[in-house]
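target.txt follows (compact mmCIF, C-alpha atoms):
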# COMPACT_ATOMS: atom_id res chain seq x y z
CA MET D 1 16.42 -25.45 -22.22
CA SER D 2 16.39 -24.38 -25.87
CA THR D 3 18.60 -26.39 -28.21
CA LYS D 4 21.94 -25.06 -29.40
CA THR D 5 20.44 -24.48 -32.85
CA GLN D 6 17.53 -22.50 -31.39
CA LEU D 7 19.96 -20.40 -29.37
CA ALA D 8 22.02 -19.65 -32.49
CA GLN D 9 18.86 -18.63 -34.34
CA GLN D 10 17.84 -16.29 -31.52
CA LEU D 11 21.29 -14.68 -31.73
CA GLY D 12 21.05 -14.12 -35.48
CA VAL D 13 19.50 -10.68 -34.84
CA VAL D 14 22.53 -9.46 -32.86
CA ALA D 15 24.13 -6.66 -34.89
CA GLY D 16 27.89 -6.31 -35.26
CA PHE D 17 30.18 -3.28 -35.32
CA ASP D 18 29.25 -0.17 -37.32
CA ASP D 19 32.84 1.02 -37.39
CA PRO D 20 35.19 -1.76 -36.23
CA ARG D 21 38.50 -0.74 -34.68
CA VAL D 22 41.40 -2.82 -35.93
CA ASP D 23 43.52 -1.99 -32.86
CA LEU D 24 40.88 -3.64 -30.64
CA GLU D 25 40.36 -6.56 -33.07
CA GLN D 26 36.64 -5.83 -33.18
CA TYR D 27 34.44 -8.24 -35.11
CA ARG D 28 31.17 -9.93 -34.33
CA THR D 29 31.48 -13.33 -32.66
CA PRO D 30 29.53 -15.70 -34.97
CA PRO D 31 26.14 -16.65 -33.47
CA ASP D 32 26.86 -20.37 -34.02
CA LEU D 33 30.09 -20.15 -32.04
CA ALA D 34 28.49 -18.09 -29.25
CA ALA D 35 25.63 -20.60 -29.03
CA HIS D 36 28.07 -23.52 -28.96
CA LEU D 37 30.15 -21.92 -26.19
CA VAL D 38 27.19 -20.95 -23.99
CA HIS D 39 25.32 -24.21 -24.60
CA THR D 40 28.42 -26.14 -23.54
CA ALA D 41 28.77 -23.95 -20.45
CA ASP D 42 25.10 -24.43 -19.60
CA LEU D 43 25.43 -28.23 -19.82
CA GLN D 44 28.36 -27.99 -17.37
CA GLY D 45 26.18 -26.06 -14.90
CA ASP D 46 28.21 -22.89 -15.46
CA ILE D 47 25.36 -20.50 -16.43
CA GLU D 48 22.15 -21.11 -14.49
CA GLY D 49 21.96 -19.24 -11.20
CA ARG D 50 25.45 -17.75 -11.59
CA THR D 51 26.93 -14.34 -12.28
CA VAL D 52 28.16 -14.35 -15.89
CA VAL D 53 30.64 -11.70 -17.00
CA ASP D 54 31.44 -11.08 -20.69
CA LEU D 55 34.87 -9.41 -20.87
CA GLY D 56 35.23 -7.28 -24.01
CA THR D 57 31.60 -7.85 -24.89
CA GLY D 58 31.63 -5.60 -27.98
CA THR D 59 28.08 -5.62 -29.35
CA GLY D 60 27.07 -8.15 -26.70
CA MET D 61 26.98 -11.52 -28.47
CA LEU D 62 28.22 -13.77 -25.63
CA ALA D 63 26.44 -11.78 -22.91
CA LEU D 64 23.16 -12.09 -24.80
CA ALA D 65 23.69 -15.81 -25.41
CA ALA D 66 24.19 -16.24 -21.67
CA VAL D 67 21.18 -14.18 -20.60
CA LEU D 68 18.91 -16.46 -22.63
CA ARG D 69 19.92 -19.38 -20.36
CA GLY D 70 18.77 -18.27 -16.92
CA PRO D 71 21.80 -16.88 -15.07
CA GLU D 72 21.52 -14.93 -11.81
CA ARG D 73 22.85 -11.86 -13.64
CA VAL D 74 24.92 -10.97 -16.70
CA VAL D 75 27.41 -8.11 -16.98
CA GLY D 76 28.79 -7.06 -20.38
CA LEU D 77 32.02 -5.02 -20.08
CA ASP D 78 33.71 -3.10 -22.88
CA LEU D 79 35.98 -0.07 -23.15
CA ASP D 80 34.44 1.24 -26.38
CA PRO D 81 31.14 3.11 -25.88
CA ALA D 82 29.78 2.87 -29.45
CA PRO D 83 29.52 -0.95 -29.59
CA LEU D 84 28.05 -0.92 -26.07
CA SER D 85 25.18 1.23 -27.37
CA THR D 86 24.66 -1.34 -30.12
CA ALA D 87 24.75 -4.08 -27.48
CA ARG D 88 21.91 -2.41 -25.62
CA GLU D 89 19.88 -2.23 -28.84
CA ASN D 90 20.70 -5.89 -29.48
CA GLU D 91 19.34 -6.72 -26.03
CA GLY D 92 15.95 -5.39 -27.16
CA ARG D 93 16.14 -7.43 -30.36
CA VAL D 94 16.79 -10.83 -28.75
CA GLY D 95 13.82 -10.35 -26.41
CA SER D 96 15.30 -11.83 -23.27
CA THR D 97 13.18 -11.70 -20.14
CA ALA D 98 16.16 -10.82 -17.93
CA ASP D 99 18.44 -7.78 -18.27
CA VAL D 100 22.12 -7.50 -19.07
CA GLU D 101 24.03 -4.80 -17.19
CA TRP D 102 26.32 -2.97 -19.60
CA VAL D 103 29.44 -1.42 -18.07
CA LEU D 104 32.03 0.82 -19.72
CA GLY D 105 35.37 -0.45 -18.46
CA ASP D 106 38.71 -2.02 -19.30
CA ALA D 107 38.76 -5.83 -19.15
CA THR D 108 42.42 -5.66 -18.13
CA ALA D 109 41.63 -3.35 -15.15
CA ALA D 110 38.17 -4.72 -14.49
CA PRO D 111 35.93 -2.76 -12.08
CA LEU D 112 34.36 -6.01 -10.91
CA ALA D 113 34.58 -7.96 -7.67
CA PRO D 114 31.77 -10.55 -7.73
CA ASP D 115 31.53 -12.59 -4.53
CA GLY D 116 29.16 -15.36 -5.63
CA PRO D 117 29.71 -18.15 -8.16
CA THR D 118 31.02 -16.45 -11.30
CA THR D 119 31.59 -17.54 -14.88
CA VAL D 120 33.56 -15.45 -17.39
CA VAL D 121 32.81 -15.81 -21.09
CA MET D 122 34.98 -13.95 -23.59
CA ASN D 123 36.28 -13.60 -27.09
CA PRO D 124 39.33 -11.46 -26.29
CA PRO D 125 41.67 -9.86 -28.83
CA PHE D 126 43.92 -12.64 -30.07
CA GLY D 127 46.92 -10.38 -30.03
CA ALA D 128 47.26 -10.96 -33.77
CA GLN D 129 48.27 -7.35 -34.36
CA ALA D 130 51.99 -6.72 -33.97
CA ASP D 131 51.62 -4.25 -31.10
CA ASN D 132 49.30 -6.29 -28.89
CA GLU D 133 50.76 -9.78 -28.97
CA HIS D 134 49.18 -11.91 -26.25
CA ALA D 135 46.47 -9.36 -25.50
CA ASP D 136 44.45 -12.44 -24.52
CA ARG D 137 46.86 -13.01 -21.61
CA ALA D 138 45.61 -9.91 -19.75
CA PHE D 139 41.99 -11.01 -20.24
CA LEU D 140 42.81 -14.45 -18.82
CA ALA D 141 44.47 -12.76 -15.84
CA THR D 142 41.20 -10.94 -15.11
CA ALA D 143 39.25 -14.20 -15.44
CA ALA D 144 41.63 -15.80 -12.94
CA GLU D 145 41.00 -12.91 -10.55
CA ILE D 146 37.19 -12.71 -10.67
CA ALA D 147 35.85 -16.10 -11.83
CA ASP D 148 35.66 -19.71 -10.70
CA VAL D 149 35.45 -20.82 -14.30
CA SER D 150 35.91 -19.23 -17.71
CA TYR D 151 35.24 -19.99 -21.36
CA SER D 152 37.47 -18.16 -23.81
CA ILE D 153 37.98 -18.12 -27.57
CA HIS D 154 41.57 -18.07 -28.85
CA ASN D 155 43.26 -18.47 -32.19
CA GLY D 156 44.34 -21.95 -33.25
CA GLY D 157 47.50 -23.25 -31.64
CA SER D 158 46.88 -21.53 -28.29
CA ALA D 159 46.48 -24.70 -26.19
CA ALA D 160 50.02 -24.75 -24.77
CA PHE D 161 49.86 -21.07 -23.85
CA VAL D 162 46.43 -21.29 -22.20
CA GLU D 163 47.32 -24.47 -20.30
CA ALA D 164 50.57 -22.97 -19.02
CA PHE D 165 48.87 -19.72 -18.02
CA ALA D 166 46.09 -21.55 -16.18
CA ALA D 167 48.60 -23.76 -14.35
CA ASP D 168 50.58 -20.70 -13.21
CA GLU D 169 47.38 -19.29 -11.68
CA GLY D 170 46.47 -22.57 -9.97
CA GLY D 171 43.83 -23.38 -12.58
CA GLU D 172 43.30 -26.16 -15.07
CA VAL D 173 41.98 -26.47 -18.62
CA THR D 174 39.17 -29.01 -18.30
CA HIS D 175 37.56 -28.84 -21.77
CA ALA D 176 38.68 -27.69 -25.19
CA PHE D 177 37.05 -27.64 -28.58
CA GLU D 178 37.90 -26.33 -32.02
CA SER D 179 35.71 -24.30 -34.31
CA GLU D 180 36.04 -22.34 -37.52
CA MET D 181 35.28 -18.70 -37.95
CA ASP D 182 35.34 -16.17 -40.79
CA LEU D 183 37.48 -13.16 -39.91
CA PRO D 184 37.08 -9.89 -41.80
CA ARG D 185 40.08 -9.00 -43.88
CA GLN D 186 41.35 -6.04 -41.92
CA PHE D 187 42.92 -8.55 -39.55
CA GLU D 188 46.15 -9.92 -40.95
CA PHE D 189 45.32 -10.36 -44.61
CA HIS D 190 44.83 -8.19 -47.62
CA ASP D 191 44.13 -10.53 -50.48
CA ALA D 192 40.59 -11.69 -49.69
CA ASP D 193 37.50 -10.16 -48.14
CA GLU D 194 37.52 -12.68 -45.37
CA LYS D 195 39.38 -15.76 -44.33
CA THR D 196 38.30 -18.84 -42.42
CA VAL D 197 40.47 -19.45 -39.40
CA THR D 198 40.53 -22.17 -36.78
CA VAL D 199 39.77 -21.05 -33.26
CA GLU D 200 39.93 -22.93 -29.97
CA VAL D 201 37.63 -22.57 -26.99
CA PHE D 202 38.89 -23.51 -23.55
CA ARG D 203 37.07 -24.07 -20.28
CA VAL D 204 39.36 -23.20 -17.40
CA ALA D 205 38.55 -24.05 -13.78
CA TRP D 206 40.44 -21.37 -11.83
CA ARG D 207 39.78 -22.51 -8.27
CA MET T 1 22.21 0.31 -14.44
CA LYS T 2 20.17 -1.24 -11.68
CA GLU T 3 21.03 -0.64 -8.05
CA ASP T 4 21.93 -4.27 -7.38
CA LEU T 5 24.89 -3.93 -9.76
CA MET T 6 26.52 -2.20 -6.75
CA ASP T 7 27.01 -5.71 -5.30
CA ILE T 8 29.70 -6.54 -7.83
CA ILE T 9 31.28 -3.34 -9.20
CA CYS T 10 34.32 -1.72 -7.66
CA CYS T 11 36.91 0.96 -8.34
CA PRO T 12 39.09 -0.16 -11.29
CA VAL T 13 42.16 1.44 -9.70
CA ASP T 14 42.19 0.03 -6.17
CA LYS T 15 39.22 -2.42 -6.20
CA HIS T 16 37.54 -0.74 -3.23
CA GLU T 17 33.80 -0.27 -2.87
CA LEU T 18 31.92 2.52 -4.58
CA GLU T 19 29.29 4.89 -3.21
CA LEU T 20 26.27 5.60 -5.39
CA ASP T 21 24.69 9.02 -5.88
CA VAL T 22 21.60 8.99 -8.08
CA GLU T 23 20.66 12.07 -10.09
CA GLU T 24 17.98 10.56 -12.32
CA ARG T 25 15.99 7.33 -12.27
CA ASP T 26 13.69 5.72 -14.81
CA ASP T 27 11.75 3.11 -12.84
CA GLU T 28 14.42 0.74 -11.48
CA GLU T 29 17.03 1.98 -13.92
CA ILE T 30 19.58 4.54 -12.71
CA MET T 31 20.10 6.81 -15.74
CA GLU T 32 22.38 9.56 -14.40
CA GLY T 33 24.53 9.78 -11.32
CA THR T 34 27.98 9.15 -9.93
CA LEU T 35 29.98 6.38 -8.32
CA THR T 36 32.65 7.50 -5.87
CA CYS T 37 35.45 5.28 -4.61
CA THR T 38 35.29 5.02 -0.83
CA GLU T 39 39.09 4.71 -0.71
CA CYS T 40 40.71 6.97 -3.33
CA GLY T 41 37.77 9.34 -3.88
CA GLU T 42 37.83 9.02 -7.68
CA VAL T 43 34.41 9.90 -9.15
CA TYR T 44 32.99 7.80 -11.99
CA PRO T 45 29.97 9.03 -13.97
CA ILE T 46 26.80 7.12 -14.81
CA GLU T 47 25.68 8.43 -18.20
CA ASP T 48 22.59 7.37 -20.12
CA GLY T 49 22.21 4.35 -17.83
CA ILE T 50 25.76 3.04 -18.31
CA PRO T 51 28.37 3.37 -15.56
CA ASN T 52 31.71 4.61 -16.92
CA LEU T 53 34.25 2.68 -14.86
CA LEU T 54 37.18 3.15 -17.20
CA PRO T 55 40.39 3.93 -15.31
CA PRO T 56 40.74 7.74 -15.16
CA ASP T 57 43.61 7.85 -17.67
CA MET T 58 41.52 6.02 -20.28
CA ARG T 59 38.34 7.98 -19.64
CA GLU T 60 39.90 11.16 -21.04
CA GLU T 61 40.51 9.47 -24.39
CA ALA T 62 36.96 8.21 -24.82
CA PRO T 63 35.00 10.07 -27.49
CA ALA T 64 32.13 12.17 -26.20

Show the structure stored in the file as structure tokens.
Amino acid sequence: MSTKTQLAQQLGVVAGFDDPRVDLEQYRTPPDLAAHLVHTADLQGDIEGRTVVDLGTGTGMLALAAVLRGPERVVGLDLDPAPLSTARENEGRVGSTADVEWVLGDATAAPLAPDGPTTVVMNPPFGAQADNEHADRAFLATAAEIADVSYSIHNGGSAAFVEAFAADEGGEVTHAFESEMDLPRQFEFHDADEKTVTVEVFRVAWR
Amino acid sequence: MKEDLMDIICCPVDKHELELDVEERDDEEIMEGTLTCTECGEVYPIEDGIPNLLPPDMREEAPA
């Protein structure tokens, strides 16, 4: 297994959004955070030999992190075709030996019904925009439906919400860690080019 | 897409199985074709190797 640092370096070539859509909260997941999330999942036995689904993959960061760690298969799902094209180009850049399957689809009406062991990884919209508050709830609902276990990135202060949601679905938050991330300024703020925010990653065992 | 993706994809509307029709292959990769729901009959295109499984009401809004 490569180290977490090596994984982050491999992901440095993954390009972000050419024309990010604010309504979809599109921004590139930082390579360090993607590497941390997938490395943690790998150590838990949640990547190797499993189906890994990246909900709202964007330009493919988490899907590509996962495919570098020997899963059975990886599916990257997004509803926006332009970033998916970039994701496919990114797949060539990271030089993985296995393929990612890219699927155009809505993470909240997911066209997926995996029957083997399945892990969801995702950096869903935080619902920070006024008209999509708790957009991450619908992504979690899909994870509950299709996965045994999921790793998801949320904005700081989401622990109570994620724990309550998981409990309602018969699941349980088993791991949590905090990280920091620079968000581009089109999300929430207007006085600086970017802002460092605290994010929380949760591992949920759904069944 | 590769043919073994059929194992895990389904209709986004009713979650039933899909039937694959291939129009163009490039080695193992299916480049053009259609996926048809075996229950509701909705037809989903495969374009440039990527299956478009957006729900029908969202597909219309997608830029060409």

Two-atom distance - atom CA of Asp21 of chain T, atom CA of Thr34 of chain T (Å): 5.2 Å

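Applying a distance limit of 7 Å to only C-alpha atoms, the residues of chain T near chain D read T:Met1, T:Ile8, T:Ile9, T:Cys10, T:Cys11, T:Pro12, T:Lys15, T:Ile50, T:Pro51, T:Asn52, T:Leu53, T:Leu54.
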
Shortest interatomic distance to Leu5 of chain T - which of D:Glu163, D:Ala176, D:Ser96, D:Gly76, counting all atoms listed in the file: D:Gly76

Computed interatomic separation between atom CA of Glu169 of chain D and atom CA of Met122 of chain D (Å): 18.0 Å

Padding of 3 Å on every side, edges along x, y and z, all listed atoms of segment 136-143 of chain D included: what centre and edge lengths in Å, to one decimal, does that box have, as AutoDock Vina command-line options?
--center_x 43.1 --center_y -12.2 --center_z -19.8 --size_x 13.6 --size_y 10.5 --size_z 15.4
